[in-house]
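Printed here is final.txt (compact mmCIF, C-alpha atoms):
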# COMPACT_ATOMS: atom_id res chain seq x y z
CA MET A 51 -4.20 -7.28 12.47
CA ALA A 52 -6.29 -8.39 9.52
CA VAL A 53 -4.68 -10.89 7.18
CA GLY A 54 -3.75 -9.19 3.94
CA HIS A 55 -2.23 -6.05 5.50
CA ARG A 56 1.55 -6.35 5.44
CA ALA A 57 3.11 -5.11 8.66
CA ALA A 58 6.66 -3.80 8.56
CA VAL A 59 9.04 -6.25 10.20
CA GLY A 60 10.40 -3.46 12.40
CA GLU A 61 6.94 -2.97 13.92
CA MET A 62 6.69 -6.51 15.34
CA ARG A 63 5.97 -6.78 19.08
CA PHE A 64 5.83 -9.52 21.69
CA GLY A 65 2.90 -11.82 21.04
CA ASP A 66 3.14 -11.41 17.25
CA HIS A 67 3.29 -14.55 15.12
CA PHE A 68 3.64 -13.29 11.54
CA PHE A 69 4.69 -14.91 8.29
CA LEU A 70 6.75 -13.93 5.28
CA ALA A 71 5.78 -15.58 1.99
CA TYR A 72 8.80 -14.52 -0.04
CA ASP A 73 9.29 -14.48 -3.79
CA ASN A 74 13.07 -14.71 -3.84
CA GLY A 75 16.16 -14.92 -1.67
CA ALA A 76 16.76 -11.17 -1.66
CA GLU A 77 13.37 -10.50 -0.08
CA ARG A 78 13.83 -13.23 2.48
CA TYR A 79 17.30 -11.98 3.39
CA ALA A 80 16.22 -8.34 3.78
CA VAL A 81 13.30 -9.14 6.10
CA LEU A 82 15.08 -11.82 8.15
CA ALA A 83 18.22 -9.70 8.62
CA ALA A 84 16.18 -6.70 9.79
CA TYR A 85 14.25 -8.90 12.22
CA LEU A 86 17.33 -10.51 13.74
CA ARG A 87 19.33 -7.28 13.94
CA ALA A 88 16.49 -5.64 15.87
CA GLY A 89 16.69 -8.54 18.30
CA LEU A 90 20.45 -8.16 18.74
CA ARG A 91 20.04 -4.44 19.48
CA ALA A 92 17.29 -5.14 22.03
CA GLY A 93 19.20 -7.93 23.76
CA HIS A 94 16.59 -10.55 22.91
CA ALA A 95 17.36 -14.23 22.93
CA LEU A 96 17.38 -15.38 19.29
CA VAL A 97 16.15 -18.81 18.27
CA HIS A 98 16.03 -20.17 14.72
CA LEU A 99 13.73 -23.16 14.29
CA ALA A 100 13.91 -25.45 11.27
CA ASP A 101 11.48 -28.28 11.79
CA GLY A 102 12.98 -31.74 11.33
CA GLU A 103 16.51 -30.76 10.20
CA PRO A 104 19.88 -31.31 11.92
CA ALA A 105 21.24 -28.22 13.68
CA ASP A 106 24.59 -28.31 11.86
CA ALA A 107 22.91 -28.25 8.45
CA VAL A 108 20.76 -25.28 9.46
CA ARG A 109 23.76 -23.37 10.86
CA ASP A 110 25.69 -23.95 7.65
CA ARG A 111 22.78 -22.60 5.62
CA LEU A 112 22.56 -19.50 7.82
CA ARG A 113 26.32 -18.96 7.57
CA ALA A 114 26.09 -19.08 3.78
CA LEU A 115 23.19 -16.62 3.86
CA PHE A 116 25.03 -14.08 6.03
CA ALA A 117 28.61 -14.60 4.83
CA ALA A 118 28.64 -11.94 2.09
CA ASP A 119 27.58 -8.78 3.90
CA ALA A 120 26.19 -9.54 7.38
CA PRO A 121 29.21 -10.06 9.66
CA ASP A 122 27.15 -9.25 12.76
CA LEU A 123 24.62 -11.99 12.03
CA LEU A 124 27.33 -14.43 10.97
CA ALA A 125 29.06 -13.85 14.32
CA ALA A 126 25.77 -14.45 16.14
CA VAL A 127 25.43 -17.84 14.45
CA ASN A 128 29.04 -18.77 15.19
CA ASP A 129 29.04 -17.77 18.86
CA GLY A 130 25.61 -19.19 19.65
CA ARG A 131 23.73 -15.93 20.27
CA LEU A 132 21.47 -17.15 17.47
CA ALA A 133 20.52 -20.55 18.85
CA VAL A 134 19.69 -23.31 16.37
CA PRO A 135 18.06 -26.26 18.17
CA GLY A 136 17.64 -28.26 14.95
CA ALA A 137 15.89 -31.64 15.08
CA SER A 138 15.94 -31.82 18.87
CA GLY A 139 12.50 -33.39 19.11
CA ARG A 140 11.50 -30.77 21.70
CA PRO A 141 8.19 -29.00 21.03
CA PRO A 142 8.38 -25.28 20.20
CA GLY A 143 6.94 -24.35 23.60
CA GLU A 144 9.86 -25.94 25.46
CA VAL A 145 12.46 -24.40 23.16
CA ILE A 146 10.99 -20.90 23.54
CA ALA A 147 10.55 -21.23 27.31
CA ALA A 148 14.22 -22.26 27.73
CA ALA A 149 15.64 -19.55 25.45
CA GLY A 150 18.06 -17.17 27.11
CA GLY A 151 18.27 -19.03 30.39
CA PRO A 152 16.68 -18.21 33.76
CA GLY A 153 16.73 -14.50 34.60
CA ARG A 154 18.88 -13.61 31.57
CA ARG A 155 16.41 -12.83 28.81
CA ALA A 156 14.84 -9.57 27.76
CA GLY A 157 12.49 -11.43 25.45
CA VAL A 158 12.65 -14.08 22.76
CA ARG A 159 12.71 -13.50 19.02
CA VAL A 160 12.01 -16.70 17.05
CA SER A 161 12.66 -17.11 13.34
CA VAL A 162 11.12 -20.17 11.72
CA GLU A 163 12.41 -21.68 8.50
CA ALA A 164 10.14 -24.30 6.99
CA SER A 165 11.43 -26.61 4.30
CA PRO A 166 9.35 -29.23 2.50
CA SER A 167 12.50 -31.28 1.96
CA SER A 168 12.35 -32.49 5.55
CA ARG A 169 8.95 -34.06 4.90
CA GLY A 170 9.39 -35.26 1.35
CA TRP A 171 8.24 -33.17 -1.56
CA PRO A 172 5.85 -31.41 -1.61
CA GLY A 173 5.45 -31.82 2.16
CA THR A 174 3.61 -28.53 2.69
CA ALA A 175 0.53 -30.21 4.16
CA GLY A 176 2.35 -30.74 7.46
CA PHE A 177 3.33 -27.12 7.97
CA ALA A 178 0.05 -26.02 9.54
CA ALA A 179 0.36 -28.28 12.60
CA PHE A 180 3.89 -27.09 13.31
CA GLU A 181 2.93 -23.44 12.82
CA ASP A 182 -0.04 -23.84 15.13
CA ALA A 183 2.33 -25.19 17.81
CA VAL A 184 4.65 -22.20 17.32
CA GLY A 185 1.73 -19.79 17.62
CA ARG A 186 0.53 -21.36 20.86
CA ALA A 187 4.06 -21.26 22.29
CA VAL A 188 4.46 -17.57 21.47
CA ALA A 189 1.12 -16.73 23.06
CA ALA A 190 1.96 -18.71 26.20
CA ALA A 191 5.42 -17.15 26.62
CA GLY A 192 4.16 -13.58 26.78
CA ASP A 193 7.60 -12.15 25.94
CA ALA A 194 8.16 -13.83 22.57
CA MET A 195 7.48 -13.15 18.90
CA ALA A 196 7.92 -15.32 15.81
CA LEU A 197 8.60 -14.68 12.13
CA CYS A 198 7.92 -17.68 9.88
CA GLN A 199 9.33 -17.84 6.36
CA PHE A 200 7.91 -19.69 3.37
CA ASP A 201 8.87 -19.74 -0.28
CA ARG A 202 5.55 -18.98 -1.95
CA HIS A 203 6.57 -21.06 -4.98
CA TRP A 204 6.13 -24.21 -2.90
CA PHE A 205 2.37 -23.72 -2.84
CA GLY A 206 -0.32 -24.11 -5.45
CA PRO A 207 -3.30 -21.75 -5.80
CA GLY A 208 -4.86 -21.21 -2.38
CA GLY A 209 -2.20 -23.35 -0.71
CA LEU A 210 -1.11 -20.60 1.65
CA GLY A 211 -4.60 -20.27 3.10
CA ALA A 212 -4.14 -22.82 5.88
CA LEU A 213 -0.87 -21.21 6.93
CA GLU A 214 -2.36 -17.73 6.95
CA ALA A 215 -4.96 -18.99 9.40
CA CYS A 216 -2.15 -20.00 11.80
CA HIS A 217 -0.64 -16.50 11.89
CA GLY A 218 -1.58 -12.99 12.88
CA GLY A 219 -0.84 -11.76 9.37
CA PRO A 220 1.85 -11.21 6.74
CA VAL A 221 4.99 -9.17 7.26
CA GLY A 222 7.34 -7.42 4.83
CA ALA A 223 10.29 -5.10 4.66
CA GLY A 224 9.76 -1.61 6.04
CA ALA A 225 9.83 1.55 3.97
CA VAL A 226 13.19 2.81 2.76
CA PHE A 227 11.92 6.38 3.23
CA ASP A 228 8.67 7.84 4.54
CA ASP A 229 8.22 11.44 5.63
CA GLY A 230 4.47 11.59 5.18
CA VAL A 231 4.81 13.24 1.76
CA LEU A 232 6.74 10.55 -0.10
CA ARG A 233 6.96 6.87 0.78
CA ILE A 234 9.52 4.58 -0.85
CA ASP A 235 9.26 0.81 -0.43
CA PRO A 236 11.70 -1.80 -1.70
CA LEU A 237 10.83 -4.13 -4.56
CA PHE A 238 12.46 -7.55 -4.78
CA ALA A 239 11.00 -9.23 -7.86
CA PRO A 240 12.12 -7.41 -9.93
CA PRO A 241 14.55 -5.41 -7.78
CA GLY A 242 13.79 -1.74 -7.40
CA LEU A 243 11.58 0.75 -5.55
CA ARG A 244 7.88 1.55 -5.27
CA LEU A 245 7.17 5.28 -4.86
CA SER A 246 3.99 6.80 -3.46
CA GLY A 247 3.22 10.49 -2.89
CA SER A 248 4.99 13.62 -4.10
CA ILE A 249 8.54 14.04 -5.36
CA ASP A 250 9.56 17.64 -4.76
CA GLU A 251 12.31 19.74 -3.21
CA SER A 252 11.53 18.51 0.30
CA THR A 253 11.54 14.80 -0.58
CA LEU A 254 14.36 14.84 -3.14
CA PRO A 255 17.13 14.03 -0.60
CA GLY A 256 15.22 10.93 0.52
CA LEU A 257 14.69 9.86 -3.09
CA LEU A 258 18.37 10.33 -3.94
CA ALA A 259 19.43 8.29 -0.90
CA ALA A 260 17.05 5.48 -1.86
CA LEU A 261 18.27 5.46 -5.48
CA ARG A 262 21.91 5.35 -4.35
CA GLY A 263 21.02 2.45 -2.06
CA LEU A 264 19.86 0.24 -4.93
CA ASP A 265 22.06 -2.72 -5.74
CA GLY A 266 24.49 -1.34 -8.31
CA ARG A 267 25.17 -4.88 -9.54
CA ALA A 268 21.59 -5.62 -10.63
CA ALA A 269 21.19 -6.08 -14.39
CA HIS A 270 17.99 -4.04 -14.30
CA VAL A 271 15.86 -2.18 -11.78
CA CYS A 272 12.19 -1.25 -11.65
CA LEU A 273 10.87 2.09 -10.39
CA ASP A 274 7.14 1.63 -9.77
CA LEU A 275 5.51 5.07 -9.97
CA ALA A 276 1.88 3.95 -9.69
CA GLY A 277 1.44 5.84 -6.43
CA VAL A 278 3.19 9.06 -7.48
CA GLU A 279 0.88 12.08 -7.42
CA PHE A 280 3.42 14.78 -8.32
CA CYS A 281 7.01 14.88 -9.58
CA ASP A 282 9.04 18.03 -10.25
CA LEU A 283 11.85 18.36 -12.78
CA ALA A 284 14.64 17.66 -10.27
CA GLY A 285 12.89 14.47 -9.17
CA LEU A 286 12.46 13.33 -12.76
CA ARG A 287 16.13 14.03 -13.44
CA ALA A 288 17.03 11.79 -10.47
CA LEU A 289 14.81 8.95 -11.74
CA VAL A 290 16.19 9.11 -15.27
CA GLY A 291 19.76 9.37 -13.98
CA VAL A 292 19.60 6.42 -11.58
CA ASN A 293 22.21 4.54 -13.63
CA GLU A 294 24.84 7.00 -12.49
CA TRP A 295 25.27 4.81 -9.39
CA SER A 296 25.39 1.49 -11.25
CA ILE A 297 28.52 -0.47 -12.06
CA VAL A 298 26.66 -2.52 -14.70
CA PRO A 299 27.09 -1.23 -18.27
CA ASP A 300 23.82 -0.67 -20.13
CA ARG A 301 21.64 -1.48 -17.13
CA LEU A 302 17.92 -1.17 -17.89
CA VAL A 303 15.71 1.03 -15.74
CA VAL A 304 12.00 0.19 -16.00
CA LEU A 305 9.65 3.10 -15.22
CA ARG A 306 6.41 1.31 -14.37
CA SER A 307 2.95 2.91 -14.31
CA ALA A 308 4.25 6.47 -14.58
CA PRO A 309 1.60 9.19 -14.30
CA ARG A 310 0.83 11.08 -17.50
CA CYS A 311 2.39 14.26 -16.12
CA VAL A 312 5.74 12.43 -15.84
CA GLU A 313 5.47 11.08 -19.36
CA MET A 314 4.67 14.56 -20.65
CA MET A 315 7.69 16.04 -18.84
CA MET A 316 9.92 13.37 -20.34
CA ARG A 317 8.74 14.22 -23.84
CA VAL A 318 9.24 17.97 -23.29
CA THR A 319 12.74 17.53 -21.85
CA GLY A 320 13.80 14.99 -24.45
CA TRP A 321 14.43 12.33 -21.80
CA GLU A 322 11.73 10.04 -23.23
CA GLY A 323 14.35 8.23 -25.30
CA ALA A 324 17.12 8.34 -22.71
CA PRO A 325 19.47 5.32 -23.00
CA GLY A 326 18.56 2.41 -20.75
CA ILE A 327 15.08 3.75 -19.84
CA VAL A 328 12.15 1.44 -20.55
CA HIS A 329 8.52 2.58 -20.13
CA GLU A 330 6.06 0.00 -18.83
CA GLY A 331 2.52 1.29 -18.75
CA VAL A 332 1.17 4.80 -18.25
CA ARG A 333 -1.70 5.74 -15.96
What do you get writing this file as structure tokens?
Amino acid sequence: MAVGHRAAVGEMRFGDHFFLAYDNGAERYAVLAAYLRAGLRAGHALVHLADGEPADAVRDRLRALFAADAPDLLAAVNDGRLAVPGASGRPPGEVIAAAGGPGRRAGVRVSVEASPSSRGWPGTAGFAAFEDAVGRAVAAAGDAMALCQFDRHWFGPGGLGALEACHGGPVGAGAVFDDGVLRIDPLFAPPGLRLSGSIDESTLPGLLAALRGLDGRAAHVCLDLAGVEFCDLAGLRALVGVNEWSIVPDRLVVLRSAPRCVEMMMRVTGWEGAPGIVHEGVR
């Protein structure tokens, strides 16, 4: 896969060594949780590597990450199904080869958490060697895959280049909805949805489900319409009425890059000045 094309995390296969350069904790959580849950369903051995850190500290961080709304993943950390070797000193190849035990593994799913704090800030220069070792271990195992996570704010301009060279490519969250007519992808910074295709009678149920699935606690959401080719009146009513499912008073809804046909419909219907709706660019 060419670097630059974001694969969906649910499409990862054995032999893949992909990376997530995340913008915020919500994005990291969504992708990591989907990756690990797929492993639990498939019966894979799960291994979480955090180079140079004590295992107890890493487990505590994972527990805090999953405590709010991921009881299945929290249980996997607590009962050892998600193994955390920590600063064992063993190379990645040995850890991956031993995962699951002899004759008991259906494959190995490795998540890698890199932190510059273990090397002294900024510390990012040492990541490439570790990632190269992970990549070689995955390739040698034959029945393993790895997802590596990096906060992109750690790196200066061009700083991710060396890490990209150590991986097969970037990975991201999968589509919330995709029926070939309308595709809806999650946004994380700011929170919201990116829509591409046509919003009509056939795709309206998928749109409504995606809108209801937005975090009702977010102070504002963004609906990126740059890829929308057509939107009927019922679809527009759903977009303008997204705050019906929010528990936050006066939440702002940003309509970004709306096509001119949508803007015209909003003027005709009188929804252009609907409370809480902010227009950001028209194409």
**OP:** Work out how far atom CA of Glu103 of chain A is from atom CA of Asn74 of chain A, in Å to one decimal.
**Re:** 21.6 Å
Original post:
So, counting all atoms listed in the file, which residue among A:Phe280, A:Phe177, A:Phe205, A:Tyr79 is closest to Ala120 of chain A?
Top reply: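 Selected residue with least distance to Ala120 of chain A: A:Tyr79.
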**OP:** Have a look at atom CA of His98 of chain A and atom CA of Gly242 of chain A and let me know their distance in Å, one decimal.
**Re:**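 For atom CA of His98 of chain A relative to atom CA of Gly242 of chain A, the distance reads 28.9 Å.
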**OP:** Quick one: everything within 9 Å of Gly247 of chain A, counting only C-alpha atoms, minus sequence neighbours fewer than 5 positions away in the same chain. Send it as a list in words.
**Re:**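 That gives Gly230, Val231, Leu232, Arg233, Ile234, Gly277, Val278, Glu279, Phe280 and Cys281 of chain A.
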Box along x, y and z, 3 Å on every side, all listed atoms of segment 71-76 of chain A inside: centre and edge lengths in Å to one decimal, as JSON.
{"center_x": 11.3, "center_y": -13.4, "center_z": -0.9, "size_x": 17.0, "size_y": 10.4, "size_z": 11.8}
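Picture a line from atom CA of Glu163 of chain A to atom CA of Asp106 of chain A; it runs 14.3 Å.
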Original post:
Nearest to Cys216 of chain A among A:Val160, A:His67, A:Leu283, A:Arg87, with distances taken over only C-alpha atoms: which residue is it?
Top reply: A:His67
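If only C-alpha atoms are the atoms counted, then among A:Leu286, A:Leu305, A:Ala194, A:Ala239 the closest residue to Phe68 of chain A is A:Ala194.
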**OP:** Go through A:Glu322, A:Glu294, A:Asp119, A:Glu144 and flag the residue nearest Val188 of chain A, using only C-alpha atoms for the distances.
**Re:** A:Glu144
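Distances here use only C-alpha atoms; by that measure, the residue among A:Ala187, A:Cys198, A:Ala88, A:Val290 closest to Ala164 of chain A is A:Cys198.
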**OP:** Go through A:Ala212, A:Val134, A:Val298, A:Val145 and flag the residue nearest Ala178 of chain A, using all atoms listed in the file for the distances.
**Re:** A:Ala212
Original post:
Any idea what's packed within 10 Å of Val127 of chain A, counting only C-alpha atoms, ignoring anything in its chain fewer than 2 positions away? Could you give it as a ChimeraX atom specification?
Top reply: /A:96,98,109-110,112-113,116,121-125,129-134
Export of the given selection (C-alpha atoms) as a short mmCIF file (atom, residue, chain, number, x, y, z; two decimals), in the coordinates of the input:
data_model
loop_
_atom_site.label_atom_id
_atom_site.label_comp_id
_atom_site.auth_asym_id
_atom_site.auth_seq_id
_atom_site.Cartn_x
_atom_site.Cartn_y
_atom_site.Cartn_z
CA LEU A 96 17.38 -15.38 19.29
CA HIS A 98 16.03 -20.17 14.72
CA ARG A 109 23.76 -23.37 10.86
CA ASP A 110 25.69 -23.95 7.65
CA LEU A 112 22.56 -19.50 7.82
CA ARG A 113 26.32 -18.96 7.57
CA PHE A 116 25.03 -14.08 6.03
CA PRO A 121 29.21 -10.06 9.66
CA ASP A 122 27.15 -9.25 12.76
CA LEU A 123 24.62 -11.99 12.03
CA LEU A 124 27.33 -14.43 10.97
CA ALA A 125 29.06 -13.85 14.32
CA ASP A 129 29.04 -17.77 18.86
CA GLY A 130 25.61 -19.19 19.65
CA ARG A 131 23.73 -15.93 20.27
CA LEU A 132 21.47 -17.15 17.47
CA ALA A 133 20.52 -20.55 18.85
CA VAL A 134 19.69 -23.31 16.37
#
